[in-house]
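Data block for final.cif (mmCIF, C-alpha atoms, pLDDT in the B column; chains and numbers go by the auth columns):
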```cif
data_run
loop_
_atom_site.group_PDB
_atom_site.id
_atom_site.type_symbol
_atom_site.label_atom_id
_atom_site.label_comp_id
_atom_site.label_asym_id
_atom_site.label_seq_id
_atom_site.Cartn_x
_atom_site.Cartn_y
_atom_site.Cartn_z
_atom_site.B_iso_or_equiv
_atom_site.auth_seq_id
_atom_site.auth_asym_id
ATOM 1 C CA MET A 1 120.818 112.147 113.888 51.00 1 A
ATOM 2 C CA ASN A 2 121.677 109.169 111.685 55.00 2 A
ATOM 3 C CA GLU A 3 118.248 107.627 112.356 61.00 3 A
ATOM 4 C CA LEU A 4 116.564 110.906 111.415 58.00 4 A
ATOM 5 C CA VAL A 5 118.504 111.093 108.160 60.00 5 A
ATOM 6 C CA SER A 6 117.553 107.495 107.308 70.00 6 A
ATOM 7 C CA ILE A 7 113.857 108.261 107.866 84.00 7 A
ATOM 8 C CA LEU A 8 113.828 111.369 105.653 88.00 8 A
ATOM 9 C CA PRO A 9 113.597 109.515 102.288 90.00 9 A
ATOM 10 C CA PHE A 10 110.757 107.375 103.693 93.00 10 A
ATOM 11 C CA ALA A 11 108.865 110.457 104.911 92.00 11 A
ATOM 12 C CA LEU A 12 109.479 112.363 101.671 92.00 12 A
ATOM 13 C CA ILE A 13 108.189 109.503 99.505 91.00 13 A
ATOM 14 C CA LEU A 14 105.007 109.121 101.564 93.00 14 A
ATOM 15 C CA CYS A 15 104.382 112.877 101.511 92.00 15 A
ATOM 16 C CA ILE A 16 104.837 113.119 97.734 89.00 16 A
ATOM 17 C CA GLY A 17 102.625 110.085 97.139 88.00 17 A
ATOM 18 C CA ILE A 18 99.809 111.357 99.352 89.00 18 A
ATOM 19 C CA PHE A 19 100.144 114.863 97.877 87.00 19 A
ATOM 20 C CA VAL A 20 99.784 113.523 94.325 82.00 20 A
ATOM 21 C CA GLN A 21 96.895 111.268 95.359 81.00 21 A
ATOM 22 C CA SER A 22 95.064 114.244 96.877 79.00 22 A
ATOM 23 C CA ALA A 23 95.776 116.564 93.955 74.00 23 A
ATOM 24 C CA ALA A 24 95.301 114.235 90.993 69.00 24 A
ATOM 25 C CA GLY A 25 92.967 111.676 92.567 67.00 25 A
ATOM 26 C CA PHE A 26 95.208 108.654 91.933 68.00 26 A
ATOM 27 C CA ALA A 27 98.794 107.328 91.892 75.00 27 A
ATOM 28 C CA ALA A 28 99.677 106.959 95.602 83.00 28 A
ATOM 29 C CA GLY A 29 100.446 103.242 95.263 84.00 29 A
ATOM 30 C CA LEU A 30 101.978 103.601 91.811 83.00 30 A
ATOM 31 C CA PHE A 31 104.467 106.131 93.218 86.00 31 A
ATOM 32 C CA ILE A 32 105.059 105.008 96.812 89.00 32 A
ATOM 33 C CA VAL A 33 105.646 101.261 96.348 90.00 33 A
ATOM 34 C CA PRO A 34 108.355 101.414 93.626 89.00 34 A
ATOM 35 C CA SER A 35 110.002 104.449 95.269 89.00 35 A
ATOM 36 C CA LEU A 36 110.299 102.701 98.635 92.00 36 A
ATOM 37 C CA MET A 37 111.682 99.635 96.905 89.00 37 A
ATOM 38 C CA TRP A 38 114.493 101.751 95.454 87.00 38 A
ATOM 39 C CA CYS A 39 115.222 102.808 99.052 88.00 39 A
ATOM 40 C CA GLY A 40 115.646 99.203 100.149 88.00 40 A
ATOM 41 C CA TYR A 41 112.173 98.322 101.429 92.00 41 A
ATOM 42 C CA SER A 42 110.501 95.067 100.409 93.00 42 A
ATOM 43 C CA ILE A 43 107.111 94.999 98.662 93.00 43 A
ATOM 44 C CA PRO A 44 105.225 93.930 101.850 95.00 44 A
ATOM 45 C CA GLU A 45 106.913 96.723 103.843 95.00 45 A
ATOM 46 C CA ALA A 46 106.132 99.280 101.125 94.00 46 A
ATOM 47 C CA GLN A 47 102.529 98.059 100.899 94.00 47 A
ATOM 48 C CA THR A 48 102.025 98.340 104.644 96.00 48 A
ATOM 49 C CA SER A 49 103.466 101.859 104.675 95.00 49 A
ATOM 50 C CA LEU A 50 101.108 102.842 101.861 93.00 50 A
ATOM 51 C CA LEU A 51 98.039 101.342 103.528 94.00 51 A
ATOM 52 C CA VAL A 52 98.705 102.951 106.918 94.00 52 A
ATOM 53 C CA ALA A 53 99.540 106.310 105.308 92.00 53 A
ATOM 54 C CA THR A 54 96.220 106.397 103.447 90.00 54 A
ATOM 55 C CA ILE A 55 94.010 105.459 106.427 90.00 55 A
ATOM 56 C CA PRO A 56 93.427 109.114 107.529 85.00 56 A
ATOM 57 C CA GLN A 57 92.733 110.197 103.963 82.00 57 A
ATOM 58 C CA ASN A 58 90.162 107.455 103.386 85.00 58 A
ATOM 59 C CA LEU A 59 88.453 107.916 106.756 87.00 59 A
ATOM 60 C CA TRP A 60 88.145 111.635 106.082 83.00 60 A
ATOM 61 C CA GLY A 61 86.891 110.991 102.539 82.00 61 A
ATOM 62 C CA VAL A 62 84.188 108.540 103.626 87.00 62 A
ATOM 63 C CA TRP A 63 83.010 110.850 106.405 88.00 63 A
ATOM 64 C CA THR A 64 82.818 114.002 104.279 83.00 64 A
ATOM 65 C CA LEU A 65 81.173 112.210 101.335 83.00 65 A
ATOM 66 C CA ARG A 66 78.881 109.916 103.359 87.00 66 A
ATOM 67 C CA ASP A 67 75.765 111.515 101.865 88.00 67 A
ATOM 68 C CA ALA A 68 76.958 110.540 98.352 85.00 68 A
ATOM 69 C CA ILE A 69 77.867 106.940 99.252 86.00 69 A
ATOM 70 C CA SER A 70 75.424 104.080 98.819 85.00 70 A
ATOM 71 C CA PHE A 71 76.897 101.707 101.384 84.00 71 A
ATOM 72 C CA SER A 72 74.644 98.850 100.274 85.00 72 A
ATOM 73 C CA LYS A 73 76.250 98.999 96.812 85.00 73 A
ATOM 74 C CA LEU A 74 79.715 98.636 98.318 90.00 74 A
ATOM 75 C CA LYS A 75 79.043 95.192 99.784 90.00 75 A
ATOM 76 C CA VAL A 76 79.512 92.968 96.720 91.00 76 A
ATOM 77 C CA PRO A 77 82.393 94.957 95.164 92.00 77 A
ATOM 78 C CA GLY A 78 84.120 95.223 98.548 92.00 78 A
ATOM 79 C CA PHE A 79 83.685 91.529 99.342 94.00 79 A
ATOM 80 C CA THR A 80 84.960 90.542 95.880 94.00 80 A
ATOM 81 C CA ARG A 81 88.026 92.736 96.259 94.00 81 A
ATOM 82 C CA ILE A 82 88.810 91.252 99.683 95.00 82 A
ATOM 83 C CA LEU A 83 88.264 87.725 98.333 95.00 83 A
ATOM 84 C CA PHE A 84 91.080 88.134 95.802 96.00 84 A
ATOM 85 C CA LEU A 85 93.527 89.846 98.183 95.00 85 A
ATOM 86 C CA PRO A 86 94.924 86.522 99.529 96.00 86 A
ATOM 87 C CA ILE A 87 95.584 85.294 95.981 96.00 87 A
ATOM 88 C CA GLY A 88 97.727 88.329 95.213 94.00 88 A
ATOM 89 C CA ILE A 89 99.557 88.021 98.541 95.00 89 A
ATOM 90 C CA ALA A 90 100.169 84.300 97.931 95.00 90 A
ATOM 91 C CA VAL A 91 101.759 85.121 94.561 94.00 91 A
ATOM 92 C CA LEU A 92 103.809 87.868 96.228 94.00 92 A
ATOM 93 C CA ARG A 93 105.092 85.387 98.797 94.00 93 A
ATOM 94 C CA THR A 94 106.297 83.182 95.955 93.00 94 A
ATOM 95 C CA LEU A 95 107.908 86.116 94.137 90.00 95 A
ATOM 96 C CA GLU A 96 109.901 87.045 97.244 88.00 96 A
ATOM 97 C CA SER A 97 112.196 84.105 96.504 87.00 97 A
ATOM 98 C CA TYR A 98 113.465 86.079 93.511 87.00 98 A
ATOM 99 C CA SER A 99 116.125 88.801 93.643 88.00 99 A
ATOM 100 C CA VAL A 100 115.384 92.423 94.522 87.00 100 A
ATOM 101 C CA ILE A 101 116.302 93.407 90.963 87.00 101 A
ATOM 102 C CA THR A 102 113.715 91.024 89.525 87.00 102 A
ATOM 103 C CA LEU A 103 111.047 92.317 91.923 88.00 103 A
ATOM 104 C CA ARG A 104 111.808 95.896 90.876 88.00 104 A
ATOM 105 C CA GLN A 105 111.255 94.793 87.298 88.00 105 A
ATOM 106 C CA VAL A 106 107.923 93.157 88.197 88.00 106 A
ATOM 107 C CA VAL A 107 106.706 96.296 89.974 89.00 107 A
ATOM 108 C CA GLY A 108 108.060 98.520 87.188 87.00 108 A
ATOM 109 C CA GLY A 109 106.192 96.435 84.629 88.00 109 A
ATOM 110 C CA VAL A 110 102.928 96.796 86.559 88.00 110 A
ATOM 111 C CA VAL A 111 103.432 100.565 86.916 86.00 111 A
ATOM 112 C CA LEU A 112 104.224 100.932 83.209 87.00 112 A
ATOM 113 C CA ALA A 113 101.257 98.803 82.116 89.00 113 A
ATOM 114 C CA VAL A 114 98.822 100.711 84.336 85.00 114 A
ATOM 115 C CA THR A 115 100.246 104.088 83.246 83.00 115 A
ATOM 116 C CA ILE A 116 99.932 103.253 79.541 88.00 116 A
ATOM 117 C CA ALA A 117 96.392 102.010 80.131 84.00 117 A
ATOM 118 C CA MET A 118 95.518 105.315 81.810 77.00 118 A
ATOM 119 C CA MET A 119 97.029 107.228 78.893 79.00 119 A
ATOM 120 C CA VAL A 120 95.233 105.215 76.222 81.00 120 A
ATOM 121 C CA LEU A 121 91.910 104.196 77.736 75.00 121 A
ATOM 122 C CA ASN A 122 89.277 106.870 78.188 72.00 122 A
ATOM 123 C CA PRO A 123 85.967 105.091 78.821 71.00 123 A
ATOM 124 C CA ARG A 124 82.814 106.923 77.802 77.00 124 A
ATOM 125 C CA PRO A 125 80.513 107.381 80.821 77.00 125 A
ATOM 126 C CA GLN A 126 77.377 105.246 80.688 80.00 126 A
ATOM 127 C CA THR A 127 74.319 104.829 82.875 79.00 127 A
ATOM 128 C CA SER A 128 75.118 101.165 83.500 76.00 128 A
ATOM 129 C CA LEU A 129 77.797 98.674 82.532 77.00 129 A
ATOM 130 C CA HIS A 130 77.643 95.015 81.659 78.00 130 A
ATOM 131 C CA ARG A 131 78.250 92.814 84.714 81.00 131 A
ATOM 132 C CA GLY A 132 81.260 91.338 83.001 81.00 132 A
ATOM 133 C CA TRP A 133 83.223 94.544 83.636 84.00 133 A
ATOM 134 C CA ALA A 134 82.548 94.260 87.361 85.00 134 A
ATOM 135 C CA PHE A 135 83.667 90.604 87.299 88.00 135 A
ATOM 136 C CA LEU A 136 86.929 91.834 85.767 89.00 136 A
ATOM 137 C CA ALA A 137 87.550 95.084 87.688 90.00 137 A
ATOM 138 C CA PHE A 138 86.937 94.021 91.302 94.00 138 A
ATOM 139 C CA PRO A 139 88.878 90.714 91.311 94.00 139 A
ATOM 140 C CA LEU A 140 91.735 92.375 89.398 92.00 140 A
ATOM 141 C CA SER A 141 91.770 95.227 91.897 92.00 141 A
ATOM 142 C CA GLY A 142 91.977 92.837 94.846 94.00 142 A
ATOM 143 C CA PHE A 143 94.652 90.702 93.203 94.00 143 A
ATOM 144 C CA LEU A 144 96.883 93.673 92.310 91.00 144 A
ATOM 145 C CA GLN A 145 96.370 95.159 95.779 92.00 145 A
ATOM 146 C CA GLY A 146 97.645 91.957 97.329 93.00 146 A
ATOM 147 C CA LEU A 147 100.450 91.526 94.820 91.00 147 A
ATOM 148 C CA VAL A 148 101.987 95.007 94.614 89.00 148 A
ATOM 149 C CA GLY A 149 99.675 97.368 96.518 88.00 149 A
ATOM 150 C CA MET A 150 98.246 98.909 93.330 86.00 150 A
ATOM 151 C CA GLY A 151 94.591 97.927 93.288 86.00 151 A
ATOM 152 C CA GLY A 152 93.240 101.435 92.716 83.00 152 A
ATOM 153 C CA PRO A 153 93.542 101.839 88.910 82.00 153 A
ATOM 154 C CA ALA A 154 91.135 98.978 88.122 85.00 154 A
ATOM 155 C CA LEU A 155 88.507 100.656 90.324 86.00 155 A
ATOM 156 C CA VAL A 156 89.202 104.061 88.780 82.00 156 A
ATOM 157 C CA PHE A 157 88.609 102.688 85.267 82.00 157 A
ATOM 158 C CA TRP A 158 85.325 101.124 86.398 86.00 158 A
ATOM 159 C CA VAL A 159 83.881 104.237 88.059 84.00 159 A
ATOM 160 C CA GLN A 160 85.006 106.514 85.219 79.00 160 A
ATOM 161 C CA ALA A 161 82.916 104.421 82.850 83.00 161 A
ATOM 162 C CA HIS A 162 79.788 105.463 84.806 83.00 162 A
ATOM 163 C CA ASP A 163 77.960 108.767 84.391 85.00 163 A
ATOM 164 C CA TRP A 164 78.327 109.547 88.098 83.00 164 A
ATOM 165 C CA ASP A 165 79.089 112.967 89.513 81.00 165 A
ATOM 166 C CA THR A 166 82.458 113.662 91.144 77.00 166 A
ATOM 167 C CA ARG A 167 81.202 113.247 94.709 81.00 167 A
ATOM 168 C CA ARG A 168 79.704 109.836 94.012 85.00 168 A
ATOM 169 C CA ILE A 169 82.869 108.659 92.235 81.00 169 A
ATOM 170 C CA ARG A 170 85.170 109.823 95.030 81.00 170 A
ATOM 171 C CA GLY A 171 82.833 108.454 97.698 85.00 171 A
ATOM 172 C CA PHE A 172 82.756 105.025 96.061 88.00 172 A
ATOM 173 C CA LEU A 173 86.555 104.918 95.766 86.00 173 A
ATOM 174 C CA PHE A 174 87.136 106.056 99.350 86.00 174 A
ATOM 175 C CA GLY A 175 84.627 103.479 100.573 89.00 175 A
ATOM 176 C CA MET A 176 86.178 100.637 98.578 90.00 176 A
ATOM 177 C CA PHE A 177 89.685 101.473 99.747 89.00 177 A
ATOM 178 C CA LEU A 178 88.586 101.697 103.374 90.00 178 A
ATOM 179 C CA ILE A 179 86.695 98.385 103.302 91.00 179 A
ATOM 180 C CA SER A 180 89.722 96.386 102.159 91.00 180 A
ATOM 181 C CA MET A 181 92.422 98.345 104.005 91.00 181 A
ATOM 182 C CA PHE A 182 92.371 96.571 107.375 93.00 182 A
ATOM 183 C CA PRO A 183 91.931 93.053 105.916 94.00 183 A
ATOM 184 C CA ALA A 184 94.930 93.777 103.671 95.00 184 A
ATOM 185 C CA ILE A 185 97.086 94.838 106.637 95.00 185 A
ATOM 186 C CA GLY A 186 95.977 91.761 108.594 95.00 186 A
ATOM 187 C CA LEU A 187 96.786 89.406 105.712 95.00 187 A
ATOM 188 C CA LEU A 188 100.186 91.027 105.198 96.00 188 A
ATOM 189 C CA TYR A 189 100.983 90.566 108.884 96.00 189 A
ATOM 190 C CA TYR A 190 99.779 86.955 108.818 95.00 190 A
ATOM 191 C CA THR A 191 101.904 86.181 105.764 95.00 191 A
ATOM 192 C CA PHE A 192 105.065 88.213 106.333 94.00 192 A
ATOM 193 C CA GLY A 193 105.159 88.595 110.106 93.00 193 A
ATOM 194 C CA THR A 194 106.668 91.303 112.258 93.00 194 A
ATOM 195 C CA ARG A 195 108.878 92.847 109.595 93.00 195 A
ATOM 196 C CA ILE A 196 105.949 94.956 108.383 95.00 196 A
ATOM 197 C CA ILE A 197 105.386 96.489 111.839 94.00 197 A
ATOM 198 C CA GLN A 198 108.197 99.052 111.852 93.00 198 A
ATOM 199 C CA PRO A 199 107.346 100.698 108.490 93.00 199 A
ATOM 200 C CA GLY A 200 103.669 100.664 109.491 94.00 200 A
ATOM 201 C CA LEU A 201 104.403 102.428 112.782 94.00 201 A
ATOM 202 C CA MET A 202 106.626 104.952 110.996 93.00 202 A
ATOM 203 C CA ALA A 203 103.797 105.762 108.588 94.00 203 A
ATOM 204 C CA ALA A 204 101.303 106.027 111.473 94.00 204 A
ATOM 205 C CA ALA A 205 103.593 108.475 113.298 92.00 205 A
ATOM 206 C CA MET A 206 103.441 110.734 110.235 93.00 206 A
ATOM 207 C CA THR A 207 99.627 111.031 110.336 92.00 207 A
ATOM 208 C CA PRO A 208 99.483 114.772 111.280 92.00 208 A
ATOM 209 C CA LEU A 209 101.965 115.638 108.530 92.00 209 A
ATOM 210 C CA LEU A 210 100.146 113.494 105.964 91.00 210 A
ATOM 211 C CA LEU A 211 96.841 115.209 106.789 89.00 211 A
ATOM 212 C CA LEU A 212 98.461 118.580 106.104 90.00 212 A
ATOM 213 C CA VAL A 213 99.869 117.223 102.848 90.00 213 A
ATOM 214 C CA THR A 214 96.395 115.950 101.909 85.00 214 A
ATOM 215 C CA PHE A 215 94.808 119.381 102.305 85.00 215 A
ATOM 216 C CA ALA A 216 97.717 121.024 100.456 86.00 216 A
ATOM 217 C CA GLY A 217 97.339 118.539 97.606 81.00 217 A
ATOM 218 C CA LEU A 218 93.613 119.215 97.289 77.00 218 A
ATOM 219 C CA ARG A 219 94.227 122.963 97.025 79.00 219 A
ATOM 220 C CA PHE A 220 97.109 122.533 94.582 77.00 220 A
ATOM 221 C CA GLY A 221 95.038 120.248 92.371 69.00 221 A
ATOM 222 C CA ASN A 222 92.231 122.802 92.244 68.00 222 A
ATOM 223 C CA TRP A 223 94.733 125.554 91.383 72.00 223 A
ATOM 224 C CA LEU A 224 96.720 123.741 88.683 67.00 224 A
ATOM 225 C CA GLY A 225 93.797 121.824 87.252 65.00 225 A
ATOM 226 C CA ARG A 226 93.375 118.077 87.374 59.00 226 A
ATOM 227 C CA ALA A 227 93.917 117.643 83.617 69.00 227 A
ATOM 228 C CA ARG A 228 97.387 119.218 83.618 72.00 228 A
ATOM 229 C CA LEU A 229 98.349 117.539 86.873 64.00 229 A
ATOM 230 C CA ARG A 230 97.199 114.195 85.488 69.00 230 A
ATOM 231 C CA ARG A 231 99.490 114.589 82.459 76.00 231 A
ATOM 232 C CA ILE A 232 102.478 115.478 84.673 76.00 232 A
ATOM 233 C CA THR A 233 101.779 112.572 87.031 71.00 233 A
ATOM 234 C CA LEU A 234 101.428 110.056 84.208 75.00 234 A
ATOM 235 C CA GLY A 235 104.720 111.285 82.753 81.00 235 A
ATOM 236 C CA ILE A 236 106.509 110.722 86.069 77.00 236 A
ATOM 237 C CA LEU A 237 104.954 107.273 86.487 76.00 237 A
ATOM 238 C CA PHE A 238 105.954 106.335 82.935 81.00 238 A
ATOM 239 C CA VAL A 239 109.589 107.140 83.732 81.00 239 A
ATOM 240 C CA MET A 240 109.366 105.186 87.005 76.00 240 A
ATOM 241 C CA GLY A 241 107.975 102.165 85.180 78.00 241 A
ATOM 242 C CA ILE A 242 110.818 102.262 82.655 84.00 242 A
ATOM 243 C CA ALA A 243 113.323 102.637 85.523 80.00 243 A
ATOM 244 C CA GLY A 244 111.891 99.533 87.206 78.00 244 A
ATOM 245 C CA LEU A 245 112.195 97.461 84.040 78.00 245 A
ATOM 246 C CA ALA A 246 115.744 98.749 83.565 81.00 246 A
ATOM 247 C CA ALA A 247 116.712 97.904 87.173 73.00 247 A
ATOM 248 C CA PRO A 248 119.474 95.400 86.199 73.00 248 A
ATOM 249 C CA TRP A 249 121.253 98.020 84.105 72.00 249 A
ATOM 250 C CA LEU A 250 120.653 100.910 86.516 65.00 250 A
ATOM 251 C CA SER A 251 122.036 98.742 89.318 61.00 251 A
ATOM 252 C CA GLY A 252 125.133 97.910 87.283 56.00 252 A
ATOM 253 C CA ARG A 253 124.261 94.237 86.890 53.00 253 A
#
```

Turn the structure described in the file into structure tokens.
Amino acid sequence: MNELVSILPFALILCIGIFVQSAAGFAAGLFIVPSLMWCGYSIPEAQTSLLVATIPQNLWGVWTLRDAISFSKLKVPGFTRILFLPIGIAVLRTLESYSVITLRQVVGGVVLAVTIAMMVLNPRPQTSLHRGWAFLAFPLSGFLQGLVGMGGPALVFWVQAHDWDTRRIRGFLFGMFLISMFPAIGLLYYTFGTRIIQPGLMAAAMTPLLLLVTFAGLRFGNWLGRARLRRITLGILFVMGIAGLAAPWLSGR
């Protein structure tokens, strides 16, 4: 019974994160990683949980949107993202020498910065972008994925600046996430060892529940409207970012 009670916060956080991701189209990493850290999990453990939890969602997304995905155009962006994953993980390994409070502040700062950027930046869709934006978005996405498990926003900004339809945008994102998912898990295991296995297995055991949550989130997002849900989600993330930065005071230190 005690083990079940200890797992409940973990399961609830993953379910909420996947639900929001399905409904609003973003924010799984921004919500799950800092929330699990407040429950005592390290960044590598939280990252692994996030990656494993999103495997079914991304597999399903790539399969259902395969007709809208140009797999040849995923090669360079995907390779670039993977290339910068080890850099982010190497920095994370260095940061782990700092206190948990400091790490919560680092993650809170990233969440707050990304949330404010999403609130302020609204790129106008264009037929094509200068290559310089790709040189910025894909390495940054890989680095942040390795550092704190939040590589999605950089990709979202890049695709939103294109005049693509919704299916092409979602297909590209699902494809990019899936390409780098297994290399990220492998690099985390290589760097941080067996301590990431238990949270990964716990997330994998929740796969049937997370699939149900995914479908529920899609329906809820269609009902509430993505614009309103986006505003609510950004508001929650803003508060979480502030809470991370205020970790020393919230922890009584």

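Nearest residue to Pro248 in chain A among A:Thr102, A:Ile236, A:Gly142, A:Leu59 is A:Thr102, counting all atoms listed in the file.
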
Run the PyMOL selection byres ((chain A and resi 185) around 10) on the file and write out the hits as a list in words. Pro44, Gln47, Thr48, Ser49, Leu51, Val52, Gly146, Ser180, Met181, Phe182, Pro183, Ala184, Gly186, Leu187, Leu188, Tyr189, Tyr190, Thr191, Ile196, Ile197 and Gly200 of chain A

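Using all atoms listed in the file, the shortest contact distance between Arg228 in chain A and any of A:Met206, A:Val114, A:Ala23, A:Gln198 is found at A:Ala23.
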
Any idea what's packed within 12 Å of Leu212 in chain A, counting all atoms listed in the file, ignoring anything in its chain fewer than 6 positions away? Could you give it as an NGL selection string? :A and (15-16 or 18-19 or 22 or 56-57 or 206 or 218-219)

Compare A:Thr207, A:Ser128, A:Thr115, A:Thr214 by their minimum atom-to-atom distance to Thr233 in chain A, counting all atoms listed in the file, and give me the closest one. A:Thr115

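Residues lying within 6 Å of range 148-163 of chain A, counting all atoms listed in the file and ignoring same-chain neighbours fewer than 5 positions away, are Gly29, Gln47, Pro123, Arg124, Pro125, Gln126, Thr127, Ala137, Ser141 and Gly142 of chain A.
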
Would you please work out which residue, of A:Phe31, A:Met37, A:Phe71, A:Gly88, is nearest to Ile101 in chain A when using only C-alpha atoms?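 Looking at the shortest contact to Ile101 in chain A, the residue is A:Met37.
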
Of the residues A:Gln145, A:Cys39, A:Ile69, A:Ala117, which is the one nearest to Ile89 in chain A, using only C-alpha atoms?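 Among A:Gln145, A:Cys39, A:Ile69, A:Ala117, it is A:Gln145 that comes nearest to Ile89 in chain A.
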
Could you tell me which of A:Leu8, A:Ala113, A:Leu95, A:Leu144 comes closest to Ile82 in chain A if we count all atoms listed in the file?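 So, comparing all the options, the nearest one is A:Leu144.
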
Evaluate the PyMOL selection byres ((chain A and resi 171) around 12) against this structure - the residues, as number ranges by chain, please. A: 25, 57-71, 73-74, 156, 159, 164-170, 172-178

Store the residues of this selection in a file with C-alpha atoms, as a tab-separated table (two decimals), in the frame of the given file.
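So again17.tsv came out as:
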```
chain	number	residue	atom	x	y	z
A	25	GLY	CA	92.97	111.68	92.57
A	57	GLN	CA	92.73	110.20	103.96
A	58	ASN	CA	90.16	107.46	103.39
A	59	LEU	CA	88.45	107.92	106.76
A	60	TRP	CA	88.14	111.64	106.08
A	61	GLY	CA	86.89	110.99	102.54
A	62	VAL	CA	84.19	108.54	103.63
A	63	TRP	CA	83.01	110.85	106.40
A	64	THR	CA	82.82	114.00	104.28
A	65	LEU	CA	81.17	112.21	101.34
A	66	ARG	CA	78.88	109.92	103.36
A	67	ASP	CA	75.76	111.52	101.86
A	68	ALA	CA	76.96	110.54	98.35
A	69	ILE	CA	77.87	106.94	99.25
A	70	SER	CA	75.42	104.08	98.82
A	71	PHE	CA	76.90	101.71	101.38
A	73	LYS	CA	76.25	99.00	96.81
A	74	LEU	CA	79.72	98.64	98.32
A	156	VAL	CA	89.20	104.06	88.78
A	159	VAL	CA	83.88	104.24	88.06
A	164	TRP	CA	78.33	109.55	88.10
A	165	ASP	CA	79.09	112.97	89.51
A	166	THR	CA	82.46	113.66	91.14
A	167	ARG	CA	81.20	113.25	94.71
A	168	ARG	CA	79.70	109.84	94.01
A	169	ILE	CA	82.87	108.66	92.24
A	170	ARG	CA	85.17	109.82	95.03
A	172	PHE	CA	82.76	105.02	96.06
A	173	LEU	CA	86.56	104.92	95.77
A	174	PHE	CA	87.14	106.06	99.35
A	175	GLY	CA	84.63	103.48	100.57
A	176	MET	CA	86.18	100.64	98.58
A	177	PHE	CA	89.68	101.47	99.75
A	178	LEU	CA	88.59	101.70	103.37
```

Repaired coordinates for range 40-52 of chain A (N, CA, C and O atoms) as a compact mmCIF listing (two decimals), keeping the file's coordinate frame:
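Output below, filename out.txt:
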```
# COMPACT_ATOMS: atom_id res chain seq x y z
N GLY A 40 115.27 100.41 99.43
CA GLY A 40 115.65 99.20 100.15
C GLY A 40 114.52 98.49 100.87
O GLY A 40 114.76 97.48 101.54
N TYR A 41 113.30 98.98 100.77
CA TYR A 41 112.17 98.32 101.43
C TYR A 41 111.63 97.21 100.53
O TYR A 41 111.66 97.30 99.30
N SER A 42 111.12 96.15 101.16
CA SER A 42 110.50 95.07 100.41
C SER A 42 109.09 95.48 100.00
O SER A 42 108.53 96.47 100.50
N ILE A 43 108.48 94.68 99.10
CA ILE A 43 107.11 95.00 98.66
C ILE A 43 106.13 94.95 99.83
O ILE A 43 105.31 95.87 99.98
N PRO A 44 106.16 93.92 100.71
CA PRO A 44 105.22 93.93 101.85
C PRO A 44 105.41 95.14 102.76
O PRO A 44 104.43 95.71 103.25
N GLU A 45 106.65 95.55 103.00
CA GLU A 45 106.91 96.72 103.84
C GLU A 45 106.40 97.99 103.18
O GLU A 45 105.80 98.86 103.84
N ALA A 46 106.62 98.11 101.86
CA ALA A 46 106.13 99.28 101.12
C ALA A 46 104.61 99.31 101.10
O ALA A 46 103.98 100.37 101.26
N GLN A 47 103.99 98.14 100.90
CA GLN A 47 102.53 98.06 100.90
C GLN A 47 101.94 98.50 102.24
O GLN A 47 100.96 99.26 102.28
N THR A 48 102.53 98.00 103.31
CA THR A 48 102.02 98.34 104.64
C THR A 48 102.15 99.83 104.90
O THR A 48 101.22 100.47 105.43
N SER A 49 103.27 100.42 104.52
CA SER A 49 103.47 101.86 104.68
C SER A 49 102.40 102.63 103.91
O SER A 49 101.81 103.60 104.42
N LEU A 50 102.13 102.19 102.69
CA LEU A 50 101.11 102.84 101.86
C LEU A 50 99.73 102.74 102.51
O LEU A 50 99.01 103.74 102.61
N LEU A 51 99.37 101.55 102.95
CA LEU A 51 98.04 101.34 103.53
C LEU A 51 97.84 102.19 104.78
O LEU A 51 96.81 102.85 104.94
N VAL A 52 98.82 102.18 105.68
CA VAL A 52 98.70 102.95 106.92
C VAL A 52 98.67 104.45 106.61
O VAL A 52 97.90 105.20 107.22
```
